[in-house]
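Text of upload24.txt, listed as compact mmCIF, C-alpha atoms:
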```
# COMPACT_ATOMS: atom_id res chain seq x y z
CA MET A 1048 46.24 83.52 104.80
CA ASN A 1049 43.71 80.74 104.55
CA GLN A 1050 42.47 81.82 101.16
CA PRO A 1051 41.26 78.61 99.52
CA ARG A 1052 43.23 78.27 96.32
CA PHE A 1053 40.54 76.15 94.67
CA VAL A 1054 38.00 78.97 94.69
CA ARG A 1055 37.89 80.32 91.17
CA GLN A 1056 39.12 83.86 91.47
CA PHE A 1057 36.16 85.44 89.72
CA VAL A 1058 33.86 84.02 92.39
CA LEU A 1059 35.60 86.23 94.94
CA THR A 1060 34.64 89.30 93.01
CA ARG A 1061 31.21 88.04 92.01
CA GLY A 1062 32.23 87.94 88.36
CA ARG A 1063 33.72 91.39 88.11
CA SER A 1064 37.31 91.73 87.09
CA ARG A 1065 37.38 94.75 84.83
CA SER A 1066 36.76 98.48 85.21
CA VAL A 1067 36.03 98.35 88.94
CA GLY A 1068 39.18 99.33 90.74
CA ALA A 1069 41.17 99.75 87.54
CA ASP A 1070 42.45 103.09 88.77
CA LEU A 1071 44.10 101.63 91.86
CA ALA A 1072 47.87 101.59 91.38
CA LEU A 1073 50.07 98.72 92.56
CA ASP A 1074 51.59 100.90 95.26
CA THR A 1075 48.38 102.62 96.43
CA LEU A 1076 48.25 102.22 100.20
CA VAL A 1077 45.19 100.76 101.88
CA THR A 1078 44.20 101.30 105.53
CA LEU A 1079 41.16 100.26 107.56
CA THR A 1080 38.77 103.03 108.53
CA ASP A 1081 37.51 103.23 112.13
CA ALA A 1082 34.18 101.87 110.90
CA GLY A 1083 36.02 99.07 109.09
CA ARG A 1084 37.90 98.16 112.25
CA ARG A 1085 34.63 98.03 114.23
CA ARG A 1086 32.89 95.92 111.62
CA ALA A 1087 35.88 93.58 111.38
CA ALA A 1088 35.93 93.19 115.17
CA GLY A 1089 32.18 92.54 115.16
CA GLY A 1090 32.49 89.82 112.53
CA GLU A 1091 30.33 91.78 110.10
CA LEU A 1092 32.57 91.48 107.03
CA ARG A 1093 32.37 88.97 104.19
CA ALA A 1094 35.14 86.38 104.21
CA GLU A 1095 37.47 88.08 101.71
CA ALA A 1096 36.93 91.51 103.28
CA ALA A 1097 37.68 90.02 106.69
CA ALA A 1098 40.85 88.43 105.29
CA ILE A 1099 42.05 91.81 104.05
CA ALA A 1100 41.05 93.49 107.33
CA ARG A 1101 43.22 90.99 109.23
CA LEU A 1102 46.21 92.00 107.08
CA LEU A 1103 45.75 95.71 107.67
CA ASP A 1104 47.55 96.33 110.92
CA GLY A 1105 49.08 99.35 109.21
CA PRO A 1106 48.92 100.55 105.59
CA LEU A 1107 49.62 97.94 102.91
CA SER A 1108 49.86 98.42 99.17
CA VAL A 1109 47.39 96.84 96.76
CA ALA A 1110 50.30 94.69 95.50
CA GLU A 1111 51.01 93.39 99.02
CA ILE A 1112 47.36 92.55 99.63
CA GLY A 1113 47.29 90.56 96.39
CA ALA A 1114 50.52 88.76 97.29
CA HIS A 1115 49.35 87.85 100.81
CA LEU A 1116 45.97 86.60 99.60
CA HIS A 1117 47.53 84.74 96.64
CA VAL A 1118 45.25 86.49 94.16
CA HIS A 1119 46.10 88.28 90.96
CA LEU A 1120 46.55 92.00 91.04
CA GLY A 1121 43.29 92.65 89.17
CA ILE A 1122 41.38 90.71 91.81
CA ALA A 1123 43.12 92.59 94.62
CA ARG A 1124 42.08 95.86 92.97
CA VAL A 1125 38.44 94.83 92.82
CA LEU A 1126 38.40 93.60 96.43
CA VAL A 1127 40.03 96.80 97.68
CA SER A 1128 37.71 99.05 95.70
CA ASP A 1129 34.73 97.18 97.19
CA LEU A 1130 36.09 97.83 100.68
CA VAL A 1131 36.49 101.52 99.86
CA ALA A 1132 32.95 101.70 98.46
CA ASP A 1133 31.67 100.05 101.65
CA GLY A 1134 33.56 102.52 103.86
CA VAL A 1135 35.66 99.72 105.34
CA ALA A 1136 38.98 100.91 103.91
CA ALA A 1137 40.55 104.13 102.68
CA VAL A 1138 43.31 104.52 100.11
CA SER A 1139 46.29 106.85 99.78
CA ALA A 1140 47.79 107.09 96.29
CA ALA A 1141 51.13 108.51 95.18
CA ASP A 1142 51.22 112.14 94.06
CA PHE A 1143 52.97 112.76 90.75
CA ASP A 1144 52.63 114.47 87.40
CA GLU A 1145 54.02 113.55 83.98
CA THR A 1146 57.56 114.22 85.25
CA GLY A 1147 57.12 112.02 88.33
CA PRO A 1148 57.00 113.04 92.00
CA ASP A 1149 57.70 116.76 92.65
CA LEU A 1150 61.03 118.20 93.71
CA GLY A 1151 60.09 118.58 97.39
CA THR A 1152 59.09 114.91 97.53
CA LEU A 1153 62.39 113.86 95.92
CA GLU A 1154 64.42 115.98 98.33
CA ARG A 1155 62.64 114.46 101.35
CA LEU A 1156 63.18 111.01 99.85
CA LEU A 1157 66.91 111.72 99.50
CA ASP A 1158 67.14 112.79 103.17
CA ASP A 1159 65.18 109.73 104.31
CA LEU A 1160 67.33 107.32 102.28
CA GLN A 1161 70.55 108.86 103.54
CA ALA A 1162 69.29 108.49 107.11
CA LEU A 1163 68.65 104.75 106.64
CA MET B 707 79.34 97.90 110.17
CA THR B 708 78.43 101.57 110.51
CA SER B 709 75.22 100.94 108.60
CA ARG B 710 74.12 98.32 111.14
CA LEU B 711 74.79 100.79 113.93
CA SER B 712 72.78 103.57 112.35
CA GLU B 713 70.05 101.04 111.60
CA ALA B 714 69.84 100.13 115.28
CA GLN B 715 69.75 103.76 116.38
CA ARG B 716 67.08 104.77 113.95
CA GLU B 717 63.56 105.07 115.37
CA PRO B 718 61.32 102.64 113.53
CA ALA B 719 58.96 104.65 111.35
CA VAL B 720 55.25 104.05 111.89
CA ALA B 721 53.04 104.38 108.84
CA GLY B 722 49.40 105.46 109.10
CA PRO B 723 46.39 106.55 107.07
CA GLY B 724 48.20 109.66 105.74
CA THR B 725 51.26 107.76 104.55
CA LYS B 726 52.02 108.15 100.82
CA PRO B 727 53.75 105.56 98.63
CA LEU B 728 56.72 106.14 96.36
CA LYS B 729 58.18 103.57 94.01
CA ILE B 730 61.42 102.78 92.27
CA VAL B 731 61.61 100.26 89.42
CA ILE B 732 64.38 97.64 89.51
CA ALA B 733 65.03 96.35 86.00
CA GLY B 734 67.61 94.12 84.37
CA GLY B 735 67.98 90.87 82.52
CA PHE B 736 67.15 87.41 83.83
CA ALA B 737 69.33 86.56 86.86
CA ALA B 738 70.92 90.02 86.94
CA GLY B 739 70.22 90.10 90.68
CA LYS B 740 66.99 92.12 90.88
CA THR B 741 65.41 90.22 93.76
CA THR B 742 68.73 90.01 95.62
CA PHE B 743 69.05 93.77 95.30
CA VAL B 744 65.51 94.36 96.62
CA ASP B 745 66.00 91.84 99.45
CA SER B 746 69.19 93.50 100.65
CA ILE B 747 67.36 96.64 101.78
CA SER B 748 63.67 95.68 102.04
CA GLU B 749 62.10 95.49 105.50
CA ILE B 750 59.95 92.58 104.32
CA THR B 751 61.02 89.39 102.57
CA PRO B 752 60.32 90.20 98.92
CA LEU B 753 56.79 89.29 97.87
CA THR B 754 55.53 88.36 94.44
CA THR B 755 52.53 90.00 92.82
CA GLU B 756 50.99 88.35 89.81
CA ALA B 757 48.89 89.59 86.93
CA PRO B 758 47.26 87.40 84.29
CA MET B 759 47.94 88.11 80.67
CA THR B 760 46.04 86.70 77.75
CA ASN B 761 48.03 85.80 74.64
CA LEU B 762 46.09 85.55 71.43
CA SER B 763 47.66 82.97 69.20
CA LEU B 764 48.58 83.99 65.67
CA GLY B 765 46.27 81.42 64.10
CA VAL B 766 42.94 82.57 62.69
CA ASP B 767 40.36 79.97 61.66
CA ASP B 768 38.06 79.82 58.60
CA ARG B 769 35.45 82.02 60.18
CA GLY B 770 38.06 84.67 60.85
CA GLU B 771 38.04 83.97 64.54
CA VAL B 772 41.10 83.62 66.64
CA THR B 773 41.58 79.90 67.18
CA SER B 774 42.98 79.81 70.64
CA LYS B 775 44.15 81.86 73.47
CA THR B 776 46.32 81.06 76.40
CA THR B 777 46.80 82.82 79.66
CA THR B 778 50.20 83.34 81.15
CA THR B 779 51.06 85.04 84.39
CA VAL B 780 53.35 87.99 84.81
CA ALA B 781 55.14 87.86 88.15
CA MET B 782 56.90 90.78 89.82
CA ASP B 783 58.92 90.64 93.02
CA PHE B 784 58.86 93.66 95.25
CA GLY B 785 60.00 94.93 98.62
CA ARG B 786 59.27 97.85 100.90
CA ILE B 787 61.00 100.37 103.15
CA THR B 788 58.97 102.47 105.60
CA LEU B 789 61.02 105.66 105.45
CA SER B 790 58.93 107.81 107.77
CA ALA B 791 55.37 108.28 108.97
CA ALA B 792 54.87 110.14 105.67
CA THR B 793 56.46 107.76 103.16
CA MET B 794 56.63 104.10 102.24
CA LEU B 795 59.05 103.31 99.44
CA TYR B 796 58.35 100.31 97.22
CA LEU B 797 60.97 98.64 95.06
CA PHE B 798 59.37 96.76 92.18
CA GLY B 799 61.35 94.29 90.10
CA THR B 800 60.29 94.21 86.44
CA PRO B 801 58.88 90.99 85.02
CA GLY B 802 61.63 88.73 83.70
CA GLN B 803 60.49 88.85 80.11
CA ASP B 804 60.66 92.06 78.14
CA ARG B 805 57.47 91.33 76.27
CA PHE B 806 55.32 92.26 79.25
CA TRP B 807 55.54 95.92 78.36
CA PHE B 808 52.07 96.76 79.68
CA MET B 809 53.34 95.88 83.13
CA TRP B 810 56.46 98.03 82.65
CA ASP B 811 54.14 100.94 81.80
CA GLU B 812 52.26 100.50 85.03
CA LEU B 813 55.44 100.11 87.08
CA SER B 814 56.99 103.23 85.53
CA ARG B 815 53.96 105.51 85.86
CA GLY B 816 54.69 107.98 88.66
CA ALA B 817 57.93 106.22 89.65
CA VAL B 818 60.86 108.16 91.10
CA GLY B 819 63.09 106.39 88.59
CA ALA B 820 64.67 103.07 87.76
CA VAL B 821 67.77 101.06 88.54
CA VAL B 822 69.02 98.95 85.63
CA LEU B 823 70.99 96.04 87.07
CA VAL B 824 73.57 94.67 84.70
CA ASP B 825 75.46 91.40 84.64
CA THR B 826 78.61 92.53 82.82
CA ARG B 827 79.02 89.04 81.33
CA ARG B 828 75.70 89.54 79.53
CA LEU B 829 75.50 93.20 78.62
CA GLN B 830 72.95 92.63 75.88
CA ASP B 831 70.36 91.54 78.47
CA CYS B 832 69.88 95.14 79.60
CA PHE B 833 69.42 96.77 76.18
CA ALA B 834 65.64 96.54 76.28
CA ALA B 835 65.45 98.17 79.72
CA LEU B 836 67.77 101.03 78.73
CA ASP B 837 65.78 101.69 75.56
CA TYR B 838 62.51 101.57 77.45
CA PHE B 839 63.50 104.07 80.15
CA GLU B 840 65.11 106.38 77.57
CA ALA B 841 61.89 106.38 75.55
CA LYS B 842 59.78 107.02 78.68
CA ARG B 843 62.20 109.69 79.88
CA LEU B 844 62.26 108.03 83.29
CA PRO B 845 65.44 108.85 85.25
CA TYR B 846 67.61 105.75 85.65
CA VAL B 847 71.01 104.73 86.93
CA VAL B 848 73.00 101.70 85.81
CA ALA B 849 74.28 99.33 88.50
CA LEU B 850 76.84 96.72 87.50
CA ASN B 851 76.42 93.68 89.72
CA ARG B 852 79.76 92.46 90.97
CA PHE B 853 79.17 88.71 90.92
CA ASP B 854 81.77 86.85 92.99
CA GLY B 855 83.48 90.14 93.72
CA ALA B 856 84.55 90.73 90.14
CA LEU B 857 83.32 92.79 87.21
CA ALA B 858 83.98 91.33 83.78
CA HIS B 859 84.39 94.91 82.50
CA SER B 860 85.06 98.28 84.14
CA THR B 861 82.32 100.87 84.60
CA ASP B 862 83.95 103.06 81.93
CA ALA B 863 84.11 100.20 79.44
CA VAL B 864 80.46 99.34 80.09
CA ARG B 865 79.38 102.97 79.77
CA GLU B 866 81.08 103.11 76.41
CA ALA B 867 79.77 99.74 75.25
CA LEU B 868 76.19 100.67 76.16
CA THR B 869 76.61 104.28 74.94
CA ILE B 870 75.31 105.66 78.21
CA GLU B 871 75.58 109.42 78.27
CA ALA B 872 77.96 111.04 80.74
CA SER B 873 75.25 112.52 82.99
CA ILE B 874 73.75 109.11 83.82
CA PRO B 875 75.39 107.48 86.87
CA VAL B 876 77.02 104.06 86.36
CA LEU B 877 78.02 102.29 89.58
CA ALA B 878 79.53 98.95 90.54
CA VAL B 879 77.58 97.18 93.29
CA ASP B 880 77.29 93.97 95.23
CA ALA B 881 73.53 93.42 95.08
CA ARG B 882 73.68 91.48 98.35
CA SER B 883 75.07 94.50 100.20
CA ARG B 884 72.61 96.79 101.94
CA ALA B 885 75.15 99.63 101.89
CA ASP B 886 75.66 99.23 98.13
CA THR B 887 71.93 99.06 97.44
CA LYS B 888 71.37 102.17 99.55
CA ALA B 889 74.16 103.99 97.66
CA VAL B 890 72.52 103.14 94.34
CA LEU B 891 69.11 104.39 95.49
CA VAL B 892 70.66 107.61 96.85
CA GLU B 893 72.46 108.13 93.53
CA LEU B 894 69.22 107.59 91.61
CA VAL B 895 67.32 110.13 93.69
CA ARG B 896 70.16 112.67 93.37
CA TYR B 897 70.08 112.17 89.62
CA ALA B 898 66.27 112.54 89.51
CA ILE B 899 66.64 115.81 91.44
CA ARG B 900 69.32 117.07 89.00
CA ARG B 901 67.00 116.26 86.13
CA LYS B 902 64.21 118.29 87.78
CA HIS B 903 66.54 121.27 87.96
CA GLY B 904 67.04 120.55 84.28
```
Show this structure as structure tokens.
Amino acid sequence: MNQPRFVRQFVLTRGRSRSVGADLALDTLVTLTDAGRRRAAGGELRAEAAAIARLLDGPLSVAEIGAHLHVHLGIARVLVSDLVADGVAAVSAADFDETGPDLGTLERLLDDLQAL
Amino acid sequence: MTSRLSEAQREPAVAGPGTKPLKIVIAGGFAAGKTTFVDSISEITPLTTEAPMTNLSLGVDDRGEVTSKTTTTVAMDFGRITLSAATMLYLFGTPGQDRFWFMWDELSRGAVGAVVLVDTRRLQDCFAALDYFEAKRLPYVVALNRFDGALAHSTDAVREALTIEASIPVLAVDARSRADTKAVLVELVRYAIRRKHG
């Protein structure tokens, strides 16, 4: 992406780097909403939101968005949570409890891996 | 070549808004082959995600204030496999240095389990990872990377040297081989399922 590396990262998030978005996991998947797609097509998004929208052909994890934009994970979290708050993007997080994903999920994973 | 054939026949999975992520942690010492392992099965060239980490120096000045702080960056390589419309599997390599435990905590939270890659010439490099996953009760398997086709020690000898209990799978792998990587992941998930049955 054309993310200018010389822009101090906190500028991108207007000074916020903590608390906002802290609950987004590395592997939480991000997709554009229909409204987000329309606003992206209409050129209505701020530069960093537009940059993320261009990446989101399909779902991408928060970690991938950070890697593609060359920003730290914390910054990626803030940018994504802004997009969610603005209705531009939606997120899908992993389901698990203190013992990890449930048995049904693991059994489907086993079938999927064996079919690879 | 059977794996290539089945790969070609498989319908490419298309992920969408309802797709859920799953993750597996790939741990091991420096140069144990973590990124090679991820690359062998990932559908994307492994990417690197970075997180800043502030180190407070040990020095405290006259006013009782910490004299300096430095920021280092924790880097983690990761890859991805779109398994179905329902599931995207992420493989996250742990940061190279064991001191970044806060990142290990995040990587382990909600993970299916972990693969501990071992260079049998440097067994001690994996101690920290084994201890960590034991303490967190995260299911893990041990994969001995066969560098240049050879293992310096057999799987049995390594199991004994590392005092790995009999129920935990220990496998020899070539981290460059997609078939080997797949076999390790399958073994990990089988083991995680056995643990659920308890």
Report task. For atom CA of B:Pro727 and atom CA of A:Asp1070, quote the distance in Å rounded to one decimal. Result ->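 Pair atom CA of B:Pro727 / atom CA of A:Asp1070 returns 15.2 Å.
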Query raised in the report: Could you state the separation of atom CA of B:Ala885 and atom CA of B:Asp783 in Å, given to one decimal place?
Result: 20.6 Å
Report task. Report as an MDAnalysis selection string the set of chain A residues whose atoms approach chain B to within 9 Å, with distances computed over all atoms listed in the file. Result -> chainID A and resid 1072:1080 1105:1106 1108 1110:1115 1117:1121 1137:1150 1153:1154 1156:1163
Query raised in the report: Between atom CA of B:Ala878 and atom CA of B:Trp807, what is the distance, to one decimal in Å?
Result: 27.1 Å
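Using only C-alpha atoms, the shortest contact distance between A:Leu1103 and any of A:Ala1087, A:Ser1128, A:Gly1134, A:Arg1155 is found at A:Ala1087.
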